[in-house]
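Below is one structure, written out as structure tokens, with a few remarks after it.
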Amino acid sequence: MIIIGEKINGSIPSMAKAIAEKNGEHIKSLAKRQADAGATFIDVCASVDPAVELDTLHWMIDLVQSATDTPVAIDSPNAKTCADAIKFCDKPGLINSVSMEGDKIEEVFPLIAKTTWECVALLCDDSGISQTVEKRLEVFGAIMKKAKEYGIDPARLHIDPLVQMLCTSEDGIASVTGAMKTIKEQYPTIHITGGASNISFNLPGRKYVNQGFIILSMAAGMDSAIIDPLNRDMMGLIYAAEALLGMDDYCMEYINAYRAGIFGDPPKAK
């Protein structure tokens with residue numbers, strides 16, 4: 001599973017406080033801890049006023065890169081801001097995100113076309129988020145047409161079918177997993193991603209819903225997730241699910257992660 005560490009995000013109150021107070025040590029500590037826990041990318045999202053977002057991202061990215069070699073995921077609802085922040089990164093990472101809304105793809109795809117940057121693409125367009133598999137797959141087709149136009153290999157894309165609140169859904173996660181399965185059938189090397197915590201908004205016992213969602217989504221083809229890698233229960237569940245799905249030969253990844261202390265009972269203080 002590709003783990004996109006979600007903890008450095010200004011929408012989280014403790015991180016918003018750290019950003020406001022310019023507490024760089026807090027940001028560096030979270031970057032290193034997420035990397036040590038197995039994050040593939042460290043997501044960096046400022047969630048500040050657009051007038052200062054780019055400068056804030058620059059400051060945050062520099063801090064993350066001073067703490068770990070793990071690649072950065074540049075996260076902003078503004079695709080131009082994502083594109084402008086590429087120059088702050090020491091190595092290719094992940095753009096989070098583009099969609100078929102407006103000219104978002106045109107802001108990013110030309111810049112990453114001849115690089116090894118990866119990119120999250122959301123299955124929405126100017127009409128919003130569809131509730132049907134058919135419409136989401138129509139948007140997916142438009143995204144892949146653009147990817148082909150710019151010569152971007154499907155293996156560099158992380159398709160987000162857009163996970164919405166379970167409590168407002170009429171069919172559970174059927175529309176999401178249905179899209180995942182079809183996308184994987186059409187493009188086996190493409191990645192399927194999403195924010196696991198989105199599914200449980202406004203529900204009690206959210207961790208149970210999140211964990212159930214991850215298992216079902218992995219069975220449908222999800223191989224990339226925006227999660228908290230410091231959540232030992234979630235990480236253990238992911239390694240276990242990979243082994244159960246036949247994605248971990250002889251359970252070696254599961255065993256090695258357990259031995260490394262990524263999940264399981266935390267080490268006892270000496």
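Residue numbers start at 1 in each chain; chains themselves are named A, B, ... in the order of the structure tokens; ligands are numbered from 1 in the order shown.
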Extract, using only C-alpha atoms, all DNA, RNA and protein residues at most 6 Å from Ile95 in chain A, discarding same-chain residues fewer than 3 positions from it, and format them as a list in words. Ala73, Ile74 and Cys119 of chain A
Could you save the residues just selected, with C-alpha atoms, as an mmCIF file, in the first residue's frame?
data_model
loop_
_atom_site.group_PDB
_atom_site.id
_atom_site.type_symbol
_atom_site.label_atom_id
_atom_site.label_comp_id
_atom_site.auth_asym_id
_atom_site.auth_seq_id
_atom_site.Cartn_x
_atom_site.Cartn_y
_atom_site.Cartn_z
ATOM 1 C CA ALA A 73 2.931 15.368 -1.588
ATOM 2 C CA ILE A 74 2.017 18.970 -2.421
ATOM 3 C CA CYS A 119 -0.398 12.991 -9.380
#
Hey, could you make a per-residue contact list for range 87-163 of chain A against range 194-211 of chain A with 10 Å as the cut-off, showing the nearest pair of atoms and its distance in Å to one decimal, counting only C-alpha atoms, sorted by chain and number, as a tab-separated table?
residue	atom	partner	partner_atom	distance
A:Val120	CA	A:Gly194	CA	9.1
A:Leu122	CA	A:Gly194	CA	9.0
A:His158	CA	A:Gly194	CA	8.6
A:Ile159	CA	A:Gly194	CA	7.9
A:Asp160	CA	A:Gly194	CA	5.1
A:Pro161	CA	A:Gly194	CA	7.1
A:Leu162	CA	A:Gly194	CA	6.6
A:Val163	CA	A:Ile199	CA	6.0
Mind giving me the straight-line distance from CA of Ala35 in chain A to CA of Pro92 in chain A in Å, one decimal?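 Atom-to-atom, CA of Ala35 in chain A and CA of Pro92 in chain A are spaced 16.2 Å apart.
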What are the DSSP alpha helix (DSSP H) residues of range 61-128 of chain A, as a PyMOL selection string? chain A and resi 61-67+79-85+104-112
Exercise: Gly102 in chain A partners within 12 Å, only C-alpha atoms, chain neighbours under 5 positions left out, as number ranges by chain: A: 78-80, 107, 124-128
Just the selected residues (C-alpha atoms), exported as a short mmCIF file (atom, residue, chain, number, x, y, z; two decimals), in the first residue's frame, please.
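Contents of the output file part28.cif:
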data_model
loop_
_atom_site.label_atom_id
_atom_site.label_comp_id
_atom_site.auth_asym_id
_atom_site.auth_seq_id
_atom_site.Cartn_x
_atom_site.Cartn_y
_atom_site.Cartn_z
CA ASN A 78 -5.60 25.31 -6.07
CA ALA A 79 -3.86 23.43 -8.89
CA LYS A 80 -1.77 26.48 -9.81
CA GLU A 107 -1.99 23.76 -14.81
CA CYS A 124 -15.17 15.21 -10.55
CA ASP A 125 -15.71 17.92 -13.13
CA ASP A 126 -17.50 21.25 -13.40
CA SER A 127 -20.81 19.53 -12.62
CA GLY A 128 -19.51 18.44 -9.20
#
Skipping near chain neighbours, those fewer than 3 positions away, what residues fall within 12 Å of Gly264 in chain A using only C-alpha atoms, listed as a PDB file with C-alpha atoms, in the first residue's frame?
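The resulting file, result.pdb, is reproduced below:
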ATOM      1  CA  LEU A 230       1.036   6.833  13.164  1.00  0.00           C
ATOM      2  CA  ASN A 231      -2.237   4.958  13.676  1.00  0.00           C
ATOM      3  CA  ARG A 232      -0.813   1.563  14.582  1.00  0.00           C
ATOM      4  CA  ASP A 233      -4.162  -0.232  14.336  1.00  0.00           C
ATOM      5  CA  MET A 234      -4.731   1.051  10.798  1.00  0.00           C
ATOM      6  CA  MET A 235      -1.217   0.188   9.689  1.00  0.00           C
ATOM      7  CA  GLY A 236      -1.517  -3.322  11.106  1.00  0.00           C
ATOM      8  CA  LEU A 237      -4.827  -3.786   9.337  1.00  0.00           C
ATOM      9  CA  TYR A 239      -0.380  -5.093   6.267  1.00  0.00           C
ATOM     10  CA  ALA A 240      -2.754  -7.895   7.275  1.00  0.00           C
ATOM     11  CA  TYR A 254       3.649  -8.209   7.468  1.00  0.00           C
ATOM     12  CA  ILE A 255       6.309  -9.912   9.576  1.00  0.00           C
ATOM     13  CA  ASN A 256       8.970  -7.280   8.894  1.00  0.00           C
ATOM     14  CA  ALA A 257       6.581  -4.402   9.690  1.00  0.00           C
ATOM     15  CA  TYR A 258       5.604  -6.078  12.958  1.00  0.00           C
ATOM     16  CA  ARG A 259       9.246  -6.596  13.889  1.00  0.00           C
ATOM     17  CA  ALA A 260       9.981  -2.968  13.026  1.00  0.00           C
ATOM     18  CA  GLY A 261       7.281  -1.875  15.454  1.00  0.00           C
ATOM     19  CA  PRO A 267       7.483  -1.197  22.860  1.00  0.00           C
ATOM     20  CA  LYS A 268       7.488  -1.101  26.647  1.00  0.00           C
TER      21      LYS A 268
END
I need the residues in range 1-211 of chain A that are strand (DSSP E or B) according to DSSP; give them as a ChimeraX atom specification. /A:2-9,41-45,72-75,94-100,118-125,128,157-160,191-192,195
Could you save the residues just selected, with N, CA and C atoms, as a compact mmCIF listing (two decimals), in the first residue's frame?
# COMPACT_ATOMS: atom_id res chain seq x y z
N ILE A 2 0.55 2.18 -0.87
CA ILE A 2 1.23 3.49 -0.87
C ILE A 2 0.57 4.35 0.20
N ILE A 3 1.35 4.76 1.18
CA ILE A 3 0.82 5.53 2.30
C ILE A 3 1.16 7.01 2.13
N ILE A 4 0.14 7.83 2.04
CA ILE A 4 0.31 9.28 1.95
C ILE A 4 0.00 9.85 3.34
N GLY A 5 1.03 10.20 4.08
CA GLY A 5 0.87 10.64 5.46
C GLY A 5 0.11 11.94 5.56
N GLU A 6 -0.97 11.96 6.31
CA GLU A 6 -1.92 13.07 6.29
C GLU A 6 -1.74 14.09 7.41
N LYS A 7 -0.76 13.93 8.28
CA LYS A 7 -0.73 14.69 9.53
C LYS A 7 -0.31 16.15 9.39
N ILE A 8 0.41 16.51 8.33
CA ILE A 8 0.87 17.89 8.18
C ILE A 8 -0.13 18.64 7.31
N ASN A 9 -1.25 18.95 7.92
CA ASN A 9 -2.37 19.57 7.20
C ASN A 9 -2.97 20.65 8.09
N PHE A 41 4.81 8.99 1.00
CA PHE A 41 4.85 10.43 0.76
C PHE A 41 4.42 11.14 2.03
N ILE A 42 4.95 12.35 2.24
CA ILE A 42 4.50 13.19 3.35
C ILE A 42 3.63 14.30 2.75
N ASP A 43 2.33 14.24 3.00
CA ASP A 43 1.43 15.26 2.49
C ASP A 43 1.67 16.58 3.22
N VAL A 44 1.73 17.67 2.47
CA VAL A 44 1.94 19.01 3.05
C VAL A 44 0.83 19.93 2.54
N CYS A 45 -0.06 20.30 3.44
CA CYS A 45 -1.20 21.14 3.09
C CYS A 45 -1.26 22.31 4.07
N VAL A 72 7.66 14.57 -0.88
CA VAL A 72 6.55 15.41 -0.46
C VAL A 72 5.36 15.23 -1.39
N ALA A 73 4.17 15.25 -0.81
CA ALA A 73 2.93 15.37 -1.59
C ALA A 73 2.44 16.80 -1.41
N ILE A 74 2.47 17.58 -2.48
CA ILE A 74 2.02 18.97 -2.42
C ILE A 74 0.50 18.98 -2.48
N ASP A 75 -0.13 19.52 -1.45
CA ASP A 75 -1.57 19.41 -1.31
C ASP A 75 -2.21 20.80 -1.24
N LEU A 94 4.52 13.92 -5.21
CA LEU A 94 3.12 13.70 -5.61
C LEU A 94 2.37 15.02 -5.59
N ILE A 95 1.58 15.29 -6.62
CA ILE A 95 0.70 16.46 -6.64
C ILE A 95 -0.69 16.02 -6.17
N ASN A 96 -1.24 16.74 -5.21
CA ASN A 96 -2.54 16.39 -4.64
C ASN A 96 -3.43 17.65 -4.63
N SER A 97 -4.12 17.99 -5.73
CA SER A 97 -4.54 17.08 -6.77
C SER A 97 -5.01 17.90 -7.97
N VAL A 98 -5.44 17.15 -9.02
CA VAL A 98 -6.11 17.75 -10.16
C VAL A 98 -7.46 17.08 -10.32
N SER A 99 -8.27 17.60 -11.25
CA SER A 99 -9.56 17.00 -11.60
C SER A 99 -9.93 17.58 -12.96
N MET A 100 -11.14 17.27 -13.40
CA MET A 100 -11.62 17.86 -14.64
C MET A 100 -12.36 19.17 -14.41
N GLU A 118 4.32 12.12 -9.62
CA GLU A 118 3.04 11.43 -9.64
C GLU A 118 1.94 12.42 -9.30
N CYS A 119 0.69 12.03 -9.54
CA CYS A 119 -0.40 12.99 -9.38
C CYS A 119 -1.70 12.30 -8.98
N VAL A 120 -2.37 12.88 -8.01
CA VAL A 120 -3.71 12.45 -7.64
C VAL A 120 -4.72 13.13 -8.56
N ALA A 121 -5.66 12.37 -9.08
CA ALA A 121 -6.70 12.94 -9.94
C ALA A 121 -8.07 12.55 -9.39
N LEU A 122 -8.88 13.55 -9.11
CA LEU A 122 -10.20 13.34 -8.54
C LEU A 122 -11.25 13.14 -9.64
N LEU A 123 -12.18 12.24 -9.39
CA LEU A 123 -13.21 11.97 -10.40
C LEU A 123 -14.39 12.92 -10.26
N CYS A 124 -14.11 14.20 -10.52
CA CYS A 124 -15.17 15.21 -10.55
C CYS A 124 -14.85 16.19 -11.66
N ASP A 125 -15.88 16.91 -12.10
CA ASP A 125 -15.71 17.92 -13.13
C ASP A 125 -16.53 19.14 -12.75
N GLY A 128 -19.61 18.88 -10.59
CA GLY A 128 -19.51 18.44 -9.20
C GLY A 128 -19.19 16.96 -9.08
N LEU A 157 -0.35 7.92 -11.94
CA LEU A 157 -1.60 8.54 -11.50
C LEU A 157 -2.22 7.78 -10.33
N HIS A 158 -2.77 8.55 -9.40
CA HIS A 158 -3.51 8.01 -8.26
C HIS A 158 -4.94 8.52 -8.41
N ILE A 159 -5.84 7.66 -8.81
CA ILE A 159 -7.22 8.06 -9.07
C ILE A 159 -8.02 8.02 -7.78
N ASP A 160 -8.62 9.14 -7.45
CA ASP A 160 -9.46 9.24 -6.25
C ASP A 160 -10.92 9.27 -6.69
N HIS A 191 -2.95 3.62 -9.95
CA HIS A 191 -3.18 3.55 -8.51
C HIS A 191 -4.57 4.09 -8.18
N ILE A 192 -5.18 3.50 -7.16
CA ILE A 192 -6.46 3.98 -6.65
C ILE A 192 -6.22 4.49 -5.24
N GLY A 195 -9.11 9.43 0.72
CA GLY A 195 -8.98 9.77 2.13
C GLY A 195 -9.88 8.86 2.94
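Among A:Ile105, A:Met1, A:Ile19, A:Leu63, the residue with the shortest atom-to-atom distance to Ser217 in chain A, counting only C-alpha atoms, is A:Met1.
Counting only C-alpha atoms, the residue from A:Cys251, A:Ala219, A:Ala155, A:Ala37 that sits nearest to Met180 in chain A is A:Ala219.
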